[in-house]
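Q: work37.pdb is reproduced below (PDB, C-alpha atoms and all ligand atoms).
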```
ATOM      1  CA  MET K   1      91.130  71.448  83.154
ATOM      2  CA  ILE K   2      88.015  69.574  84.244
ATOM      3  CA  ILE K   3      86.302  70.642  81.031
ATOM      4  CA  ILE K   4      89.211  69.407  78.932
ATOM      5  CA  ALA K   5      89.216  66.113  80.822
ATOM      6  CA  PHE K   6      85.475  65.856  80.296
ATOM      7  CA  PHE K   7      85.698  66.399  76.536
ATOM      8  CA  GLY K   8      88.620  64.008  76.393
ATOM      9  CA  ALA K   9      86.486  61.387  78.090
ATOM     10  CA  VAL K  10      83.569  62.026  75.726
ATOM     11  CA  VAL K  11      85.782  61.664  72.648
ATOM     12  CA  PHE K  12      87.354  58.552  74.109
ATOM     13  CA  LEU K  13      83.998  56.933  74.831
ATOM     14  CA  TYR K  14      82.627  57.962  71.442
ATOM     15  CA  ASN K  15      85.553  56.276  69.740
ATOM     16  CA  LYS K  16      85.173  53.218  71.914
ATOM     17  CA  VAL K  17      81.463  52.876  71.192
ATOM     18  CA  ASN K  18      82.016  53.348  67.481
ATOM     19  CA  ASN K  19      85.005  51.051  67.448
ATOM     20  CA  HIS K  20      87.247  53.668  65.903
ATOM     21  CA  TYR K  21      90.297  52.187  67.473
ATOM     22  CA  VAL K  22      91.848  48.905  68.489
ATOM     23  CA  ASP K  23      93.904  48.193  71.568
ATOM     24  CA  LEU K  24      97.114  46.359  70.668
ATOM     25  CA  GLY K  25      98.655  46.655  74.131
ATOM     26  CA  GLU K  26     101.685  48.624  75.178
ATOM     27  CA  ASP K  27     104.176  46.221  73.590
ATOM     28  CA  ALA K  28     102.690  46.904  70.179
ATOM     29  CA  SER K  29     105.232  47.931  67.588
ATOM     30  CA  PRO K  30     104.690  51.142  65.637
ATOM     31  CA  PRO K  31     102.914  50.883  62.273
ATOM     32  CA  MET K  32     106.029  51.949  60.273
ATOM     33  CA  LYS K  33     103.944  53.608  57.606
ATOM     34  CA  LEU K  34     101.217  56.196  57.258
ATOM     35  CA  HIS K  35      97.769  55.266  58.450
ATOM     36  CA  PRO K  36      95.696  54.455  55.320
ATOM     37  CA  ILE K  37      93.256  57.299  55.955
ATOM     38  CA  VAL K  38      96.096  59.787  56.445
ATOM     39  CA  GLU K  39      97.681  58.439  53.264
ATOM     40  CA  LYS K  40      94.433  58.987  51.372
ATOM     41  CA  LYS K  41      93.973  62.508  52.734
ATOM     42  CA  LYS K  42      97.589  63.309  51.884
ATOM     43  CA  ASP K  43      96.908  62.332  48.260
ATOM     44  CA  LYS K  44      93.757  64.474  48.266
ATOM     45  CA  LEU K  45      95.810  67.374  49.594
ATOM     46  CA  LEU K  46      98.342  67.025  46.769
ATOM     47  CA  GLU K  47      95.534  66.854  44.235
ATOM     48  CA  LYS K  48      93.691  69.899  45.535
ATOM     49  CA  THR K  49      96.767  72.075  45.947
ATOM     50  CA  ALA K  50      98.037  71.125  42.476
ATOM     51  CA  SER K  51      94.693  72.238  41.058
ATOM     52  CA  ILE K  52      95.313  75.777  42.345
ATOM     53  CA  GLY K  53      98.906  75.867  41.147
ATOM     54  CA  ILE K  54     100.772  74.965  44.334
ATOM     55  CA  ASP K  55     103.385  72.237  44.105
ATOM     56  CA  VAL K  56     103.361  70.644  47.546
ATOM     57  CA  VAL K  57     106.139  68.293  48.575
ATOM     58  CA  ILE K  58     105.666  65.874  51.459
ATOM     59  CA  THR K  59     109.028  65.904  53.208
ATOM     60  CA  GLU K  60     108.203  63.551  56.051
ATOM     61  CA  LYS K  61     105.633  60.862  56.770
ATOM     62  CA  TRP K  62     106.031  58.021  59.237
ATOM     63  CA  ARG K  63     109.089  58.548  61.418
ATOM     64  CA  SER K  64     110.880  55.987  63.551
ATOM     65  CA  ASN K  65     111.410  56.632  67.256
ATOM     66  CA  GLU K  66     115.130  56.527  66.578
ATOM     67  CA  ARG K  67     114.909  59.316  64.031
ATOM     68  CA  GLN K  68     112.601  61.247  66.348
ATOM     69  CA  ASN K  69     115.239  61.082  69.105
ATOM     70  CA  LYS K  70     117.866  62.342  66.677
ATOM     71  CA  LEU K  71     115.659  65.287  65.748
ATOM     72  CA  TYR K  72     115.000  65.947  69.424
ATOM     73  CA  ALA K  73     118.746  66.128  70.067
ATOM     74  CA  GLN K  74     119.066  68.822  67.405
ATOM     75  CA  GLY K  75     119.407  72.199  69.131
ATOM     76  CA  ARG K  76     119.818  70.502  72.493
ATOM     77  CA  THR K  77     122.764  68.114  72.694
ATOM     78  CA  GLU K  78     123.556  68.521  68.973
ATOM     79  CA  ASN K  79     124.060  71.547  66.729
ATOM     80  CA  GLY K  80     121.203  73.267  64.972
ATOM     81  CA  ASN K  81     117.863  74.789  65.744
ATOM     82  CA  ILE K  82     115.242  73.087  67.852
ATOM     83  CA  VAL K  83     112.804  71.495  65.422
ATOM     84  CA  THR K  84     110.628  69.419  67.718
ATOM     85  CA  HIS K  85     109.452  69.183  71.286
ATOM     86  CA  ALA K  86     108.716  65.485  70.980
ATOM     87  CA  GLU K  87     111.058  62.634  71.833
ATOM     88  CA  GLY K  88     110.769  59.170  70.283
ATOM     89  CA  GLY K  89     107.231  57.844  70.755
ATOM     90  CA  GLU K  90     105.839  61.284  71.553
ATOM     91  CA  SER K  91     105.140  62.482  68.027
ATOM     92  CA  TYR K  92     102.144  61.611  65.863
ATOM     93  CA  HIS K  93     104.716  60.934  63.135
ATOM     94  CA  ASN K  94     105.822  57.901  65.135
ATOM     95  CA  TYR K  95     102.339  56.406  64.681
ATOM     96  CA  GLY K  96     101.931  57.256  61.004
ATOM     97  CA  LEU K  97      99.426  59.978  61.809
ATOM     98  CA  ALA K  98     101.375  63.058  60.692
ATOM     99  CA  ILE K  99     103.036  64.473  57.598
ATOM    100  CA  ASP K 100     105.237  67.503  56.972
ATOM    101  CA  TYR K 101     105.014  69.602  53.854
ATOM    102  CA  ALA K 102     107.053  72.113  51.942
ATOM    103  CA  ILE K 103     106.577  73.883  48.618
ATOM    104  CA  ARG K 104     108.452  73.490  45.368
ATOM    105  CA  ASN K 105     108.958  76.839  43.668
ATOM    106  CA  GLU K 106     109.245  77.697  39.975
ATOM    107  CA  ASN K 107     112.999  76.992  40.096
ATOM    108  CA  ASP K 108     112.303  73.438  41.221
ATOM    109  CA  THR K 109     113.674  74.259  44.648
ATOM    110  CA  ILE K 110     111.988  73.026  47.806
ATOM    111  CA  ILE K 111     111.331  75.990  50.064
ATOM    112  CA  TRP K 112     110.019  76.615  53.562
ATOM    113  CA  ASN K 113     109.188  80.242  52.933
ATOM    114  CA  ILE K 114     105.732  80.706  54.403
ATOM    115  CA  SER K 115     105.317  84.073  52.636
ATOM    116  CA  TYR K 116     105.849  82.730  49.123
ATOM    117  CA  ASP K 117     102.991  83.355  46.693
ATOM    118  CA  GLY K 118     103.945  81.272  43.682
ATOM    119  CA  ASN K 119     100.447  81.055  42.202
ATOM    120  CA  ASN K 120     100.174  84.857  42.380
ATOM    121  CA  ASN K 121      96.706  85.030  43.834
ATOM    122  CA  GLY K 122      97.626  87.442  46.618
ATOM    123  CA  GLU K 123      97.578  84.697  49.242
ATOM    124  CA  LYS K 124     100.557  82.999  50.777
ATOM    125  CA  ASP K 125     100.736  79.490  49.338
ATOM    126  CA  TRP K 126     101.789  77.991  52.646
ATOM    127  CA  PHE K 127      98.576  79.128  54.308
ATOM    128  CA  GLU K 128      96.448  78.079  51.359
ATOM    129  CA  VAL K 129      97.846  74.577  51.765
ATOM    130  CA  ALA K 130      97.127  74.669  55.501
ATOM    131  CA  GLU K 131      93.506  75.709  54.882
ATOM    132  CA  ILE K 132      92.924  72.895  52.401
ATOM    133  CA  ALA K 133      94.552  70.427  54.788
ATOM    134  CA  LYS K 134      92.306  71.561  57.620
ATOM    135  CA  ASP K 135      89.249  71.124  55.399
ATOM    136  CA  LEU K 136      90.415  67.567  54.835
ATOM    137  CA  GLY K 137      90.526  66.982  58.588
ATOM    138  CA  PHE K 138      94.152  67.663  59.437
ATOM    139  CA  GLU K 139      95.263  69.641  62.458
ATOM    140  CA  TRP K 140      97.922  72.175  61.438
ATOM    141  CA  GLY K 141     101.039  72.818  63.540
ATOM    142  CA  GLY K 142     100.917  76.480  62.502
ATOM    143  CA  ASP K 143      97.842  76.856  64.705
ATOM    144  CA  TRP K 144      99.660  75.688  67.816
ATOM    145  CA  ARG K 145     100.134  78.417  70.396
ATOM    146  CA  ASN K 146     103.458  77.621  71.993
ATOM    147  CA  PHE K 147     105.588  75.883  69.402
ATOM    148  CA  LYS K 148     104.550  76.747  65.865
ATOM    149  CA  ASP K 149     105.316  73.842  63.559
ATOM    150  CA  TYR K 150     104.340  75.289  60.179
ATOM    151  CA  PRO K 151     105.136  72.241  58.009
ATOM    152  CA  HIS K 152     103.289  69.829  60.281
ATOM    153  CA  LEU K 153      99.882  68.235  59.663
ATOM    154  CA  GLN K 154      98.393  65.511  61.816
ATOM    155  CA  MET K 155      95.249  63.481  62.422
ATOM    156  CA  ASP K 156      94.891  62.225  65.959
ATOM    157  CA  PHE K 157      91.576  60.352  65.554
ATOM    158  CA  GLY K 158      90.758  61.472  69.079
ATOM    159  CA  LEU K 159      93.724  59.602  70.536
ATOM    160  CA  SER K 160      96.307  61.281  72.764
ATOM    161  CA  ILE K 161      99.996  60.425  72.601
ATOM    162  CA  SER K 162      99.746  58.532  75.895
ATOM    163  CA  GLN K 163      96.860  56.460  74.509
ATOM    164  CA  LEU K 164      98.932  55.684  71.412
ATOM    165  CA  GLN K 165     101.873  54.783  73.637
ATOM    166  CA  SER K 166      99.645  52.394  75.546
ATOM    167  CA  GLY K 167      98.819  50.583  72.309
ATOM    168  CA  LEU K 168      95.591  52.155  71.086
ATOM    169  CA  ARG K 169      95.491  52.580  67.314
ATOM    170  CA  PRO K 170      92.842  54.179  65.124
ATOM    171  CA  THR K 171      91.110  51.667  62.872
ATOM    172  CA  ASN K 172      91.112  51.981  59.105
ATOM    173  CA  GLU K 173      87.491  52.844  58.621
ATOM    174  CA  ASP K 174      86.559  56.395  57.917
ATOM    175  CA  LYS K 175      82.931  56.867  58.891
ATOM    176  CA  LYS K 176      82.843  60.320  57.346
ATOM    177  CA  GLU K 177      84.134  59.102  54.010
ATOM    178  CA  GLU K 178      81.786  60.012  51.162
TER     179      GLU K 178
HETATM  180 ZN    ZN K 201     105.729  67.107  61.630
END
```
Could I get this structure in the form of structure tokens?
A:
Amino acid sequence: MIIIAFFGAVVFLYNKVNNHYVDLGEDASPPMKLHPIVEKKKDKLLEKTASIGIDVVITEKWRSNERQNKLYAQGRTENGNIVTHAEGGESYHNYGLAIDYAIRNENDTIIWNISYDGNNNGEKDWFEVAEIAKDLGFEWGGDWRNFKDYPHLQMDFGLSISQLQSGLRPTNEDKKEE
């Protein structure tokens, strides 16, 4: 716990020193669209996956708190399966820092079958997409231990949900950009 807190503090200070975020205060409204860097990386992801014969569909980008609350109700107070553990304001989607993907198969149908190998290279397309996304800097929900969120990709820019809730926002500059 202390180690995690320590690394958290280091990342926080690093970002502060390098001005990787701005503080808009806790009354700040959500961005209502994808962060420009996430947008760019999403396009790169589509490009790279298309080049190996995988037709990736982005099913979700920025998400309003209202919609997040509706999703949260699913499987709890409403019918359906639980699809999220985040309420409004608790998801990186709410800050334009996450996307969800699915795959379009040869019948033009959008599928969530993580075992599908449409490009016939002996590897599951879903995981190929995840690997490419991770190379681009995304964190993949399929790597989460407790609640696996296979379609989910996010970039937190070193900011926790509570920091985002308090008004911190990553800036638009990508220092690692080539
Ligand atoms: Zn998601």
Q: Here's the selection I'm unsure about, the PyMOL selection byres (((chain K and resi 30) around 10) and not hetatm); applied to the file above, which residues does it give, as a VMD selection string?
A: chain K and resid 27 to 29 31 to 33 62 to 65 89 94 to 96 164 to 165 167 169
Q: Okay, now the selection with C-alpha atoms, as a PDB file, keeping the file's coordinate frame?
A:
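Produced file out_31.pdb, reproduced below:
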```pdb
ATOM      1  CA  ASP K  27     104.176  46.221  73.590  1.00  0.00           C
ATOM      2  CA  ALA K  28     102.690  46.904  70.179  1.00  0.00           C
ATOM      3  CA  SER K  29     105.232  47.931  67.588  1.00  0.00           C
ATOM      4  CA  PRO K  31     102.914  50.883  62.273  1.00  0.00           C
ATOM      5  CA  MET K  32     106.029  51.949  60.273  1.00  0.00           C
ATOM      6  CA  LYS K  33     103.944  53.608  57.606  1.00  0.00           C
ATOM      7  CA  TRP K  62     106.031  58.021  59.237  1.00  0.00           C
ATOM      8  CA  ARG K  63     109.089  58.548  61.418  1.00  0.00           C
ATOM      9  CA  SER K  64     110.880  55.987  63.551  1.00  0.00           C
ATOM     10  CA  ASN K  65     111.410  56.632  67.256  1.00  0.00           C
ATOM     11  CA  GLY K  89     107.231  57.844  70.755  1.00  0.00           C
ATOM     12  CA  ASN K  94     105.822  57.901  65.135  1.00  0.00           C
ATOM     13  CA  TYR K  95     102.339  56.406  64.681  1.00  0.00           C
ATOM     14  CA  GLY K  96     101.931  57.256  61.004  1.00  0.00           C
ATOM     15  CA  LEU K 164      98.932  55.684  71.412  1.00  0.00           C
ATOM     16  CA  GLN K 165     101.873  54.783  73.637  1.00  0.00           C
ATOM     17  CA  GLY K 167      98.819  50.583  72.309  1.00  0.00           C
ATOM     18  CA  ARG K 169      95.491  52.580  67.314  1.00  0.00           C
TER      19      ARG K 169
END
```
Q: Let me have all residues with an atom within 10 Å of ligand ZN 201 (chain K), counting only C-alpha atoms and all ligand atoms, laid out as a list of chain:residue names.
A: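 What falls inside 10 Å of ligand ZN 201 (chain K) is K:Thr59, K:Glu60, K:Lys61, K:Trp62, K:Arg63, K:Val83, K:Thr84, K:Ala86, K:Ser91, K:Tyr92, K:His93, K:Asn94, K:Leu97, K:Ala98, K:Ile99, K:Asp100, K:Tyr101, K:Trp140, K:Gly141, K:Asp149, K:Tyr150, K:Pro151, K:His152, K:Leu153, K:Gln154.
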Q: Tell me which protein, DNA and RNA residues are within 12 Å of Glu106 in chain K, counting all atoms listed in the file, leaving out same-chain ones fewer than 5 positions away, and put them as a ChimeraX atom specification.
A: /K:53-56,111,116-120
Q: Using CA of Ile82 in chain K and CA of Phe147 in chain K as the two end points, give the distance in Å to one decimal.
A: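 It comes out at 10.2 Å.
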Q: Skipping near chain neighbours, those fewer than 6 positions away, what residues fall within 9 Å of range 134-136 of chain K using only C-alpha atoms, listed as a list in words?
A: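 Counting only the stated atoms, we get Lys41, Lys42, Lys44, Leu45 and Leu153 of chain K.
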Q: Please compute the CA of Leu168 in chain K-CA of Glu39 in chain K distance, one decimal, in Å.
A: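 If I compute the distance from CA of Leu168 in chain K to CA of Glu39 in chain K, I get 19.0 Å.
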Q: Could you state which residues are captured by the PyMOL selection byres (((chain K and resi 172) around 10) and not hetatm) in this file, as a ChimeraX atom specification?
A: /K:20-22,35-38,169-171,173-175
Q: What is the distance between CA of Asn107 in chain K and CA of Ile58 in chain K, in Å to one decimal?
A: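 Computing the Euclidean distance for CA of Asn107 in chain K and CA of Ile58 in chain K yields 17.5 Å.
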Q: Closest to Gln163 in chain K among K:Gln68, K:Glu90, K:Ala73, K:Lys40, using only C-alpha atoms?
A: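 Checking each of K:Gln68, K:Glu90, K:Ala73, K:Lys40 against Gln163 in chain K, counting only C-alpha atoms, the winner is K:Glu90.
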Q: Have range 26-37 of chain K completed to all heavy atoms, please, and pass it along as a short mmCIF file (atom, residue, chain, number, x, y, z; two decimals), keeping the file's coordinate frame.
A:
```
data_model
loop_
_atom_site.label_atom_id
_atom_site.label_comp_id
_atom_site.auth_asym_id
_atom_site.auth_seq_id
_atom_site.Cartn_x
_atom_site.Cartn_y
_atom_site.Cartn_z
N GLU K 26 100.56 47.68 75.18
CA GLU K 26 101.68 48.62 75.18
C GLU K 26 102.96 48.08 74.55
O GLU K 26 103.89 48.84 74.28
CB GLU K 26 101.97 49.15 76.59
CG GLU K 26 102.24 48.08 77.62
CD GLU K 26 102.34 48.68 79.02
OE1 GLU K 26 101.79 49.79 79.24
OE2 GLU K 26 102.98 48.03 79.87
N ASP K 27 103.00 46.77 74.28
CA ASP K 27 104.18 46.22 73.59
C ASP K 27 104.05 46.30 72.07
O ASP K 27 104.94 45.86 71.35
CB ASP K 27 104.40 44.76 74.01
CG ASP K 27 104.76 44.66 75.48
OD1 ASP K 27 105.35 45.62 76.01
OD2 ASP K 27 104.42 43.64 76.11
N ALA K 28 102.94 46.85 71.62
CA ALA K 28 102.69 46.90 70.18
C ALA K 28 103.78 47.71 69.48
O ALA K 28 104.22 48.74 69.97
CB ALA K 28 101.33 47.54 69.90
N SER K 29 104.22 47.19 68.34
CA SER K 29 105.23 47.93 67.59
C SER K 29 104.54 49.02 66.77
O SER K 29 103.36 48.92 66.46
CB SER K 29 106.02 46.98 66.69
OG SER K 29 105.13 46.17 65.95
N PRO K 30 105.29 50.06 66.43
CA PRO K 30 104.69 51.14 65.64
C PRO K 30 104.34 50.66 64.23
O PRO K 30 104.90 49.68 63.75
CB PRO K 30 105.79 52.21 65.60
CG PRO K 30 107.04 51.49 65.92
CD PRO K 30 106.68 50.32 66.77
N PRO K 31 103.41 51.34 63.58
CA PRO K 31 102.91 50.88 62.27
C PRO K 31 103.95 50.95 61.14
O PRO K 31 103.84 50.20 60.19
CB PRO K 31 101.74 51.82 61.99
CG PRO K 31 101.98 53.02 62.83
CD PRO K 31 102.70 52.53 64.05
N MET K 32 104.95 51.81 61.25
CA MET K 32 106.03 51.95 60.27
C MET K 32 105.59 52.45 58.91
O MET K 32 106.34 52.38 57.93
CB MET K 32 106.83 50.64 60.12
CG MET K 32 107.49 50.24 61.43
SD MET K 32 108.40 48.72 61.36
CE MET K 32 109.82 49.24 60.43
N LYS K 33 104.38 52.92 58.83
CA LYS K 33 103.94 53.61 57.61
C LYS K 33 102.76 54.49 57.96
O LYS K 33 102.23 54.42 59.06
CB LYS K 33 103.56 52.61 56.51
CG LYS K 33 102.39 51.69 56.86
CD LYS K 33 102.10 50.81 55.65
CE LYS K 33 101.17 49.64 55.92
NZ LYS K 33 99.82 49.90 56.29
N LEU K 34 102.36 55.32 57.01
CA LEU K 34 101.22 56.20 57.26
C LEU K 34 99.94 55.38 57.43
O LEU K 34 99.75 54.36 56.76
CB LEU K 34 101.02 57.17 56.09
CG LEU K 34 101.83 58.45 56.04
CD1 LEU K 34 101.31 59.32 54.89
CD2 LEU K 34 101.78 59.23 57.35
N HIS K 35 99.11 55.84 58.31
CA HIS K 35 97.77 55.27 58.45
C HIS K 35 97.05 55.43 57.11
O HIS K 35 97.16 56.47 56.47
CB HIS K 35 97.03 56.03 59.56
CG HIS K 35 95.72 55.43 59.90
ND1 HIS K 35 94.58 55.67 59.16
CD2 HIS K 35 95.34 54.61 60.91
CE1 HIS K 35 93.57 55.02 59.70
NE2 HIS K 35 94.00 54.36 60.76
N PRO K 36 96.31 54.39 56.65
CA PRO K 36 95.70 54.46 55.32
C PRO K 36 94.81 55.68 55.09
O PRO K 36 94.77 56.22 53.98
CB PRO K 36 94.86 53.18 55.23
CG PRO K 36 95.19 52.37 56.43
CD PRO K 36 96.13 53.12 57.31
N ILE K 37 94.12 56.12 56.13
CA ILE K 37 93.26 57.30 55.96
C ILE K 37 94.11 58.55 55.79
O ILE K 37 93.83 59.41 54.94
CB ILE K 37 92.28 57.45 57.14
CG1 ILE K 37 91.29 56.29 57.12
CG2 ILE K 37 91.54 58.79 57.08
CD1 ILE K 37 90.40 56.18 58.36
#
```
